[in-house]
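Structure file entry-v2.csv (CSV, C-alpha atoms and all ligand atoms) follows.
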```
chain,number,residue,atom,x,y,z
A,1,MET,CA,93.5,19.6,166.7
A,2,GLU,CA,97.0,18.7,167.8
A,3,THR,CA,99.7,21.0,166.6
A,4,ILE,CA,102.0,19.8,163.8
A,5,ASN,CA,105.5,21.1,164.0
A,6,ILE,CA,106.9,21.8,160.6
A,7,ILE,CA,110.3,22.5,159.0
A,8,ILE,CA,110.3,24.1,155.5
A,9,ALA,CA,113.3,23.7,153.2
A,10,GLY,CA,113.6,26.4,150.5
A,11,PRO,CA,111.6,29.1,152.3
A,12,ARG,CA,112.7,31.9,149.9
A,13,GLY,CA,111.6,30.1,146.8
A,14,ARG,CA,108.4,30.8,144.8
A,15,MET,CA,106.8,27.7,146.3
A,16,GLY,CA,108.6,27.8,149.7
A,17,SER,CA,107.5,31.3,150.5
A,18,GLU,CA,103.9,30.3,149.8
A,19,ALA,CA,104.4,27.3,152.2
A,20,VAL,CA,105.7,29.7,154.9
A,21,LYS,CA,102.5,31.7,154.5
A,22,LEU,CA,100.4,28.5,154.7
A,23,VAL,CA,102.1,27.2,157.8
A,24,THR,CA,102.2,30.5,159.7
A,25,ASN,CA,98.5,31.2,158.8
A,26,THR,CA,97.2,27.7,159.8
A,27,GLU,CA,96.2,27.4,163.5
A,28,HIS,CA,97.3,23.8,164.1
A,29,PHE,CA,100.6,24.2,162.1
A,30,LYS,CA,103.7,25.6,163.8
A,31,LEU,CA,106.8,26.6,161.8
A,32,ALA,CA,109.6,25.1,163.9
A,33,ALA,CA,112.6,26.0,161.6
A,34,VAL,CA,113.6,26.5,158.0
A,35,ILE,CA,116.4,25.1,155.9
A,36,ASP,CA,118.1,27.8,153.7
A,37,HIS,CA,121.5,27.2,152.2
A,38,LYS,CA,122.5,30.9,152.4
A,39,HIS,CA,121.5,32.1,155.9
A,40,ASP,CA,122.8,29.6,158.4
A,41,GLY,CA,122.5,30.6,162.1
A,42,MET,CA,120.1,33.6,161.4
A,43,MET,CA,116.5,33.9,162.4
A,44,LEU,CA,113.9,33.9,159.6
A,45,SER,CA,112.9,37.4,160.7
A,46,ASP,CA,116.4,38.6,159.6
A,47,ILE,CA,115.6,37.6,156.0
A,48,ALA,CA,113.9,40.1,153.7
A,49,GLY,CA,110.2,39.4,153.4
A,50,PHE,CA,109.9,37.5,156.6
A,51,GLN,CA,110.4,40.3,159.2
A,52,ALA,CA,107.0,39.6,160.9
A,53,ILE,CA,107.7,35.9,161.6
A,54,SER,CA,109.4,35.6,165.0
A,55,ASN,CA,111.3,32.7,166.7
A,56,VAL,CA,112.0,30.6,163.6
A,57,PRO,CA,115.7,29.5,163.4
A,58,VAL,CA,117.4,29.1,160.0
A,59,TYR,CA,119.7,26.1,159.4
A,60,THR,CA,121.8,25.1,156.4
A,61,ASP,CA,122.5,21.6,157.6
A,62,ILE,CA,119.3,19.5,157.9
A,63,GLU,CA,121.0,17.1,160.3
A,64,LYS,CA,121.9,19.9,162.7
A,65,CYS,CA,118.4,21.2,162.3
A,66,LEU,CA,116.8,17.9,163.1
A,67,GLN,CA,119.0,17.5,166.2
A,68,ALA,CA,118.1,20.9,167.6
A,69,VAL,CA,114.4,21.2,166.7
A,70,GLU,CA,111.4,19.1,167.5
A,71,ALA,CA,109.6,18.5,164.3
A,72,ASP,CA,106.8,16.2,162.9
A,73,VAL,CA,106.9,17.1,159.2
A,74,LEU,CA,109.5,18.4,156.7
A,75,ILE,CA,108.1,20.3,153.6
A,76,ASP,CA,110.7,20.3,150.9
A,77,LEU,CA,110.5,22.7,148.0
A,78,THR,CA,114.0,23.0,146.7
A,79,THR,CA,115.8,21.0,144.0
A,80,PRO,CA,115.8,17.2,143.4
A,81,GLU,CA,119.4,16.6,144.5
A,82,VAL,CA,119.1,18.4,147.9
A,83,GLY,CA,115.5,17.4,148.3
A,84,MET,CA,116.4,13.7,148.2
A,85,HIS,CA,119.1,14.3,150.9
A,86,HIS,CA,116.6,16.2,153.0
A,87,ALA,CA,113.8,13.6,152.7
A,88,LYS,CA,116.2,10.7,153.6
A,89,THR,CA,117.7,12.5,156.5
A,90,ALA,CA,114.2,13.5,157.8
A,91,LEU,CA,113.1,9.9,157.8
A,92,THR,CA,116.2,8.9,159.8
A,93,TYR,CA,115.0,11.3,162.5
A,94,ASN,CA,111.4,10.0,162.3
A,95,VAL,CA,110.2,13.2,160.6
A,96,ARG,CA,107.7,12.7,157.8
A,97,PRO,CA,108.6,14.3,154.5
A,98,VAL,CA,106.0,16.1,152.3
A,99,VAL,CA,107.9,16.8,149.1
A,100,GLY,CA,106.8,19.1,146.3
A,101,THR,CA,110.2,19.2,144.6
A,102,THR,CA,110.0,17.7,141.2
A,103,GLY,CA,112.6,15.6,139.3
A,104,PHE,CA,113.2,12.7,141.6
A,105,SER,CA,114.3,9.6,139.7
A,106,PRO,CA,112.5,6.2,139.9
A,107,GLU,CA,115.5,4.9,141.9
A,108,ASP,CA,115.1,7.8,144.4
A,109,LEU,CA,111.4,7.1,144.9
A,110,GLU,CA,112.1,3.4,145.4
A,111,GLU,CA,114.8,4.1,148.0
A,112,LEU,CA,112.4,6.4,149.9
A,113,GLN,CA,109.7,3.8,149.7
A,114,GLN,CA,112.1,1.2,151.2
A,115,ILE,CA,113.1,3.5,154.1
A,116,CYS,CA,109.4,4.2,154.8
A,117,ASP,CA,108.6,0.5,154.8
A,118,GLU,CA,111.4,-0.3,157.1
A,119,LYS,CA,110.6,2.6,159.5
A,120,LYS,CA,106.8,2.4,159.1
A,121,LEU,CA,106.7,6.1,158.5
A,122,GLY,CA,104.6,8.3,156.2
A,123,CYS,CA,106.1,10.2,153.3
A,124,ILE,CA,104.1,12.0,150.6
A,125,ILE,CA,105.7,13.1,147.3
A,126,ALA,CA,103.5,15.0,144.8
A,127,PRO,CA,104.7,16.5,141.5
A,128,ASN,CA,101.4,18.5,141.5
A,129,PHE,CA,99.8,19.8,144.7
A,130,ALA,CA,97.0,21.7,142.9
A,131,ILE,CA,93.8,19.8,143.9
A,132,GLY,CA,92.1,21.0,140.8
A,133,ALA,CA,94.9,19.6,138.6
A,134,VAL,CA,94.5,16.2,140.2
A,135,LEU,CA,90.7,16.3,139.7
A,136,MET,CA,91.3,17.3,136.0
A,137,MET,CA,93.4,14.2,135.6
A,138,LYS,CA,90.8,12.0,137.3
A,139,PHE,CA,87.9,13.4,135.3
A,140,SER,CA,90.0,13.0,132.1
A,141,GLN,CA,90.5,9.4,132.9
A,142,MET,CA,86.7,8.9,133.5
A,143,ALA,CA,86.0,10.6,130.1
A,144,ALA,CA,88.6,8.5,128.3
A,145,LYS,CA,86.5,5.4,128.8
A,146,TYR,CA,83.9,6.8,126.5
A,147,PHE,CA,86.0,9.1,124.2
A,148,GLN,CA,89.0,7.4,122.4
A,149,ASP,CA,90.1,10.6,120.7
A,150,VAL,CA,91.9,13.1,122.9
A,151,GLU,CA,94.5,15.9,122.6
A,152,ILE,CA,96.2,17.4,125.6
A,153,ILE,CA,97.3,21.1,125.5
A,154,GLU,CA,99.5,22.2,128.4
A,155,MET,CA,100.5,25.8,128.9
A,156,HIS,CA,103.2,27.1,131.2
A,157,HIS,CA,105.4,30.2,131.9
A,158,ASP,CA,108.4,30.5,129.6
A,159,GLN,CA,110.9,29.8,132.3
A,160,LYS,CA,109.9,26.1,132.4
A,161,LEU,CA,112.7,23.9,131.3
A,162,ASP,CA,110.9,20.6,130.5
A,163,ALA,CA,108.3,19.8,127.9
A,164,PRO,CA,105.8,18.3,128.0
A,165,SER,CA,105.0,19.0,131.6
A,166,GLY,CA,105.0,16.2,134.2
A,167,SER,CA,101.3,16.7,134.7
A,168,ALA,CA,100.6,16.3,131.0
A,169,VAL,CA,102.6,13.1,130.9
A,170,LYS,CA,100.8,11.9,134.1
A,171,THR,CA,97.4,12.7,132.5
A,172,ALA,CA,98.4,10.8,129.3
A,173,GLU,CA,99.5,7.8,131.4
A,174,MET,CA,96.2,7.8,133.4
A,175,ILE,CA,94.2,8.1,130.1
A,176,SER,CA,96.2,5.3,128.5
A,177,ALA,CA,95.3,3.0,131.4
A,178,VAL,CA,91.7,3.0,130.3
A,179,ARG,CA,91.6,4.2,126.7
A,180,GLU,CA,91.3,1.7,123.9
A,181,SER,CA,94.5,2.1,121.9
A,182,LYS,CA,94.1,4.3,118.7
A,183,GLN,CA,96.4,6.2,116.4
A,184,GLN,CA,94.5,9.5,116.1
A,185,GLY,CA,94.1,11.8,113.1
A,186,HIS,CA,94.0,10.8,109.4
A,187,PRO,CA,96.1,7.7,108.6
A,188,ASN,CA,97.8,9.7,105.8
A,189,GLU,CA,98.3,13.0,107.8
A,190,LYS,CA,101.6,14.6,107.2
A,191,GLU,CA,103.3,17.5,109.1
A,192,THR,CA,104.3,20.2,106.6
A,193,MET,CA,106.1,21.9,109.5
A,194,THR,CA,107.9,19.7,112.1
A,195,GLY,CA,106.1,19.5,115.5
A,196,ALA,CA,102.7,20.8,114.2
A,197,ARG,CA,100.9,17.7,115.6
A,198,GLY,CA,102.8,17.8,119.0
A,199,ALA,CA,104.2,14.8,120.8
A,200,ASP,CA,102.7,11.3,120.2
A,201,PHE,CA,101.8,9.3,123.3
A,202,ASN,CA,100.2,6.0,122.4
A,203,GLY,CA,98.6,7.7,119.4
A,204,MET,CA,97.2,10.7,121.3
A,205,HIS,CA,98.9,14.1,121.0
A,206,ILE,CA,100.4,16.5,123.6
A,207,HIS,CA,101.0,20.2,122.7
A,208,SER,CA,103.2,22.4,124.9
A,209,VAL,CA,102.7,26.2,124.9
A,210,ARG,CA,105.2,28.5,126.6
A,211,LEU,CA,104.4,32.2,127.2
A,212,PRO,CA,105.3,34.9,129.8
A,213,GLY,CA,102.2,35.7,131.9
A,214,LEU,CA,101.1,32.0,132.2
A,215,VAL,CA,101.7,30.0,135.3
A,216,ALA,CA,100.4,26.4,134.9
A,217,HIS,CA,97.4,25.5,132.8
A,218,GLN,CA,96.1,22.4,131.0
A,219,GLN,CA,93.2,21.6,128.7
A,220,VAL,CA,92.2,18.0,127.8
A,221,LEU,CA,90.1,17.9,124.7
A,222,PHE,CA,88.0,14.9,123.8
A,223,GLY,CA,86.2,14.5,120.5
A,224,ALA,CA,83.5,12.1,119.2
A,225,ASP,CA,80.8,12.2,116.5
A,226,GLY,CA,79.1,15.6,116.7
A,227,GLN,CA,80.5,16.5,120.2
A,228,THR,CA,83.6,17.6,122.1
A,229,LEU,CA,84.3,17.7,125.8
A,230,THR,CA,86.9,20.0,127.3
A,231,ILE,CA,88.3,19.6,130.8
A,232,ARG,CA,90.5,22.5,131.9
A,233,HIS,CA,92.5,23.5,134.9
A,234,ASP,CA,94.3,26.8,135.5
A,235,SER,CA,96.8,27.7,138.3
A,236,TYR,CA,97.0,31.5,138.3
A,237,HIS,CA,99.6,31.7,141.1
A,238,ARG,CA,101.5,29.3,143.4
A,239,GLY,CA,99.1,29.7,146.2
A,240,SER,CA,97.0,27.3,144.2
A,241,PHE,CA,99.3,24.4,145.3
A,242,MET,CA,99.0,25.1,149.0
A,243,SER,CA,95.6,23.5,149.7
A,244,GLY,CA,97.2,20.3,148.5
A,245,VAL,CA,100.2,20.8,150.7
A,246,LYS,CA,97.9,21.4,153.7
A,247,VAL,CA,96.0,18.1,153.0
A,248,ALA,CA,99.3,16.3,152.5
A,249,VAL,CA,100.8,17.5,155.9
A,250,GLU,CA,97.6,16.5,157.7
A,251,THR,CA,97.5,13.1,156.0
A,252,VAL,CA,101.1,12.2,156.3
A,253,MET,CA,100.8,12.4,160.1
A,254,LYS,CA,98.2,9.5,159.9
A,255,GLN,CA,100.2,7.4,157.5
A,256,ASN,CA,102.8,4.7,157.9
A,257,ALA,CA,103.7,4.3,154.2
A,258,PHE,CA,105.1,6.0,151.2
A,259,VAL,CA,102.7,7.7,148.8
A,260,TYR,CA,103.5,9.2,145.4
A,261,GLY,CA,100.9,11.5,143.9
A,262,LEU,CA,98.2,13.7,145.5
A,263,GLU,CA,95.5,11.6,143.7
A,264,ASN,CA,96.3,8.7,146.1
A,265,ILE,CA,95.4,10.6,149.2
A,266,LEU,CA,92.3,12.5,148.0
A,267,GLY,CA,89.0,10.7,148.8
A,301,LIG,P1,112.6,28.3,143.2
A,301,LIG,O1,111.8,29.6,143.3
A,301,LIG,O2,113.8,28.3,142.4
A,301,LIG,O3,112.9,27.9,144.8
A,301,LIG,C1,113.8,26.9,145.1
A,301,LIG,C2,114.4,27.2,146.4
A,301,LIG,O4,115.3,26.2,146.8
A,301,LIG,C3,115.2,28.5,146.4
A,301,LIG,O5,114.9,29.3,147.6
A,301,LIG,C4,116.7,28.0,146.5
A,301,LIG,O6,117.5,29.0,147.1
A,301,LIG,C5,116.5,26.8,147.3
A,301,LIG,N1,117.7,25.9,147.1
A,301,LIG,C6,118.4,25.7,146.0
A,301,LIG,N2,119.4,24.8,146.2
A,301,LIG,C7,119.4,24.6,147.6
A,301,LIG,C8,120.2,23.9,148.4
A,301,LIG,N3,121.3,23.2,148.0
A,301,LIG,N4,119.9,23.8,149.8
A,301,LIG,C9,118.8,24.5,150.2
A,301,LIG,N5,117.9,25.2,149.4
A,301,LIG,C10,118.3,25.3,148.1
A,301,LIG,O7,111.7,27.1,142.7
A,301,LIG,P2,110.1,26.9,143.0
A,301,LIG,O8,109.3,27.4,141.8
A,301,LIG,O9,109.7,27.4,144.3
A,301,LIG,O10,110.0,25.3,142.9
A,301,LIG,C11,110.6,24.5,143.9
A,301,LIG,C12,110.4,23.1,143.5
A,301,LIG,O11,109.0,22.8,143.5
A,301,LIG,C13,110.8,22.7,142.0
A,301,LIG,O12,111.4,21.4,142.0
A,301,LIG,C14,109.6,22.8,141.2
A,301,LIG,O13,109.6,22.0,140.1
A,301,LIG,C15,108.6,22.3,142.3
A,301,LIG,N6,107.2,22.6,142.1
A,301,LIG,C16,106.3,21.8,142.5
A,301,LIG,C17,104.9,22.0,142.4
A,301,LIG,C18,104.0,21.0,143.0
A,301,LIG,O14,102.8,21.2,143.0
A,301,LIG,N7,104.5,19.9,143.5
A,301,LIG,C19,104.5,23.2,141.9
A,301,LIG,C20,105.4,24.1,141.4
A,301,LIG,C21,106.8,23.8,141.5
A,301,LIG,P3,118.4,30.0,146.2
A,301,LIG,O15,117.3,30.9,145.5
A,301,LIG,O16,119.2,30.7,147.1
A,301,LIG,O17,119.1,29.2,145.2
```

Kindly transcribe the structure held in the file into structure tokens.
Amino acid sequence: METINIIIAGPRGRMGSEAVKLVTNTEHFKLAAVIDHKHDGMMLSDIAGFQAISNVPVYTDIEKCLQAVEADVLIDLTTPEVGMHHAKTALTYNVRPVVGTTGFSPEDLEELQQICDEKKLGCIIAPNFAIGAVLMMKFSQMAAKYFQDVEIIEMHHDQKLDAPSGSAVKTAEMISAVRESKQQGHPNEKETMTGARGADFNGMHIHSVRLPGLVAHQQVLFGADGQTLTIRHDSYHRGSFMSGVKVAVETVMKQNAFVYGLENILG
């Protein structure tokens, strides 16, 4: 297999450090450089936790990095503002972005799609790289054809800022595409405590749980006469996202278009 040269932006982050492990442990991947806004000009081995990784330069400025280093793919795991700048600049240098950073606006996505169309270059952006989570969404969509009544319970660590999670919203959207519209619960039901029935998405309900100890978990519960069906996915640590990142890096090299969502590249 041909070697894929990779730049990682955000290598010290919770996701980025897992990506460094993935790239350095995969035979046909080579870590060409990293983008870290605090350690310009150093080598990765000078940064705590990466002493064993040799010959990987650190840049703060993506443009300087792309001019100096030969790369095929940029993996971005930073913040939406800087991630957008990184992805756009990478495409300018014919480097394909694989972006796990969440929070891109619809305008950002459209702009990246346009650049990819013009340059005929691949770019994959996925708000959830856990293959199991994507399958959970697909299976839920299959089930929703037969079960109109569904409640989504998503559970995350207590440092998460947004609720409901992007994955819960995505699941609800996918279910809505096939589910016959229905306002669930008793027509006269009344919350005696605000929020007891969760968020309402086209008549189905989404509940957000936040607890220390959790990482990223979701349960989709379907109910019908005399039966229930539960589809559940658990991410116990951030390594769970890396098999999706690996597939995305391999796939983006064969693509000449923009893709949003891991579900669109899984067979
Ligand atoms: P994190 O631990 O906070 O890591 C973010 C990294 O980005 C940090 O190393 C941070 O450096 C760096 N950074 C911040 N501003 C920067 C800048 N201006 N230039 C360069 N680097 C900068 O966050 P995380 O949990 O790894 O998550 C990273 C992103 O991935 C988030 O958007 C998160 O929502 C997303 N995520 C995606 C998935 C998925 O499956 N797609 C799963 C989990 C998380 P400092 O620490 O020095 O600020």

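Across the structure, CA of Leu211 (chain A) and CA of Leu161 (chain A) are spaced 12.4 Å apart.
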
Quiz item: Which protein, DNA or RNA residues have an atom within 9 Å of ligand LIG 301 (chain A), counting only C-alpha atoms and all ligand atoms, as a PyMOL selection string?
Solution: chain A and resi 9-18+35-38+60-61+76-83+86+99-104+125-130+160+216+238+240-242+244-245

Quiz prompt | Residue nearest Lys30 (chain A) among A:Ala248, A:Val56, A:Ile47, A:Ala87 (counting only C-alpha atoms) | solution = A:Val56

Quiz item: Hey, which of A:Val249, A:Met193, A:Met155, A:Ala168 ends up closest to Val95 (chain A)? Count all atoms listed in the file.
Solution: A:Val249

Quiz item: Quick one: residues within 8 Å of Thr171 (chain A), only C-alpha atoms counted, chain neighbours fewer than 5 positions away excluded, as an MDAnalysis selection string?
Solution: chainID A and resid 137 140:141

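Taking all atoms listed in the file into account, Gly203 (chain A) lies nearest to A:Val150 out of the set A:Phe222, A:Ala163, A:Leu22, A:Val150.
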
Quiz item: Excluding same-chain residues fewer than 3 positions from Lys119 (chain A), what lies within 8 Å of it counting only C-alpha atoms, as a ChimeraX atom specification?
Solution: /A:91,94,115-116

Using C-alpha atoms, can you write the selected residues to a file as a PDB file, keeping the file's coordinate frame?
```pdb
ATOM      1  CA  LEU A  91     113.100   9.900 157.800  1.00  0.00           C
ATOM      2  CA  ASN A  94     111.400  10.000 162.300  1.00  0.00           C
ATOM      3  CA  ILE A 115     113.100   3.500 154.100  1.00  0.00           C
ATOM      4  CA  CYS A 116     109.400   4.200 154.800  1.00  0.00           C
TER       5      CYS A 116
END
```

Please list as a PDB file with C-alpha atoms, in the coordinates of the input every residue within 9 Å of Gly185 (chain A), counting all atoms listed in the file and excluding residues in the same chain fewer than 3 positions away.
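The resulting file, selection_12.pdb, is shown below:
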```pdb
ATOM      1  CA  ASP A 149      90.100  10.600 120.700  1.00  0.00           C
ATOM      2  CA  ASN A 188      97.800   9.700 105.800  1.00  0.00           C
ATOM      3  CA  GLU A 189      98.300  13.000 107.800  1.00  0.00           C
ATOM      4  CA  GLY A 203      98.600   7.700 119.400  1.00  0.00           C
ATOM      5  CA  MET A 204      97.200  10.700 121.300  1.00  0.00           C
TER       6      MET A 204
END
```

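Note that CA of Ile8 (chain A) and CA of His39 (chain A) are 13.8 Å apart.
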
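Comparing A:Met1, A:Gly49, A:Tyr93, A:Leu214 by their smallest distance to Glu27 (chain A), the closest is A:Met1 (using only C-alpha atoms).
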
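Here CA of Lys64 (chain A) stands at a distance of 22.6 Å from CA of Thr24 (chain A).
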
When you write region 168-200 of chain A out from the block above, keep C-alpha atoms and present the result as a tab-separated table (two decimals), in the first residue's frame, please.
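In the end it all went to decode-v2.tsv:
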```tsv
chain	number	residue	atom	x	y	z
A	168	ALA	CA	-28.71	12.92	18.63
A	169	VAL	CA	-29.91	15.67	16.28
A	170	LYS	CA	-28.48	13.81	13.29
A	171	THR	CA	-30.24	10.61	14.44
A	172	ALA	CA	-33.53	12.50	14.79
A	173	GLU	CA	-33.10	13.99	11.31
A	174	MET	CA	-32.41	10.58	9.77
A	175	ILE	CA	-35.43	9.07	11.57
A	176	SER	CA	-37.64	11.98	10.49
A	177	ALA	CA	-36.76	11.31	6.85
A	178	VAL	CA	-38.61	7.95	7.02
A	179	ARG	CA	-40.92	8.15	10.08
A	180	GLU	CA	-44.58	8.94	9.60
A	181	SER	CA	-45.14	12.20	11.48
A	182	LYS	CA	-46.64	11.70	14.96
A	183	GLN	CA	-46.90	13.72	18.18
A	184	GLN	CA	-45.94	11.09	20.76
A	185	GLY	CA	-47.27	10.54	24.26
A	186	HIS	CA	-50.78	11.19	25.55
A	187	PRO	CA	-52.48	14.13	23.78
A	188	ASN	CA	-53.25	15.65	27.21
A	189	GLU	CA	-49.85	14.97	28.80
A	190	LYS	CA	-48.56	17.84	30.93
A	191	GLU	CA	-45.09	18.42	32.40
A	192	THR	CA	-45.38	19.07	36.12
A	193	MET	CA	-41.65	19.85	36.08
A	194	THR	CA	-40.23	21.74	33.06
A	195	GLY	CA	-38.08	19.59	30.79
A	196	ALA	CA	-39.39	16.25	32.09
A	197	ARG	CA	-40.30	15.10	28.57
A	198	GLY	CA	-37.06	16.39	26.97
A	199	ALA	CA	-36.73	18.24	23.67
A	200	ASP	CA	-39.42	17.83	21.01
```
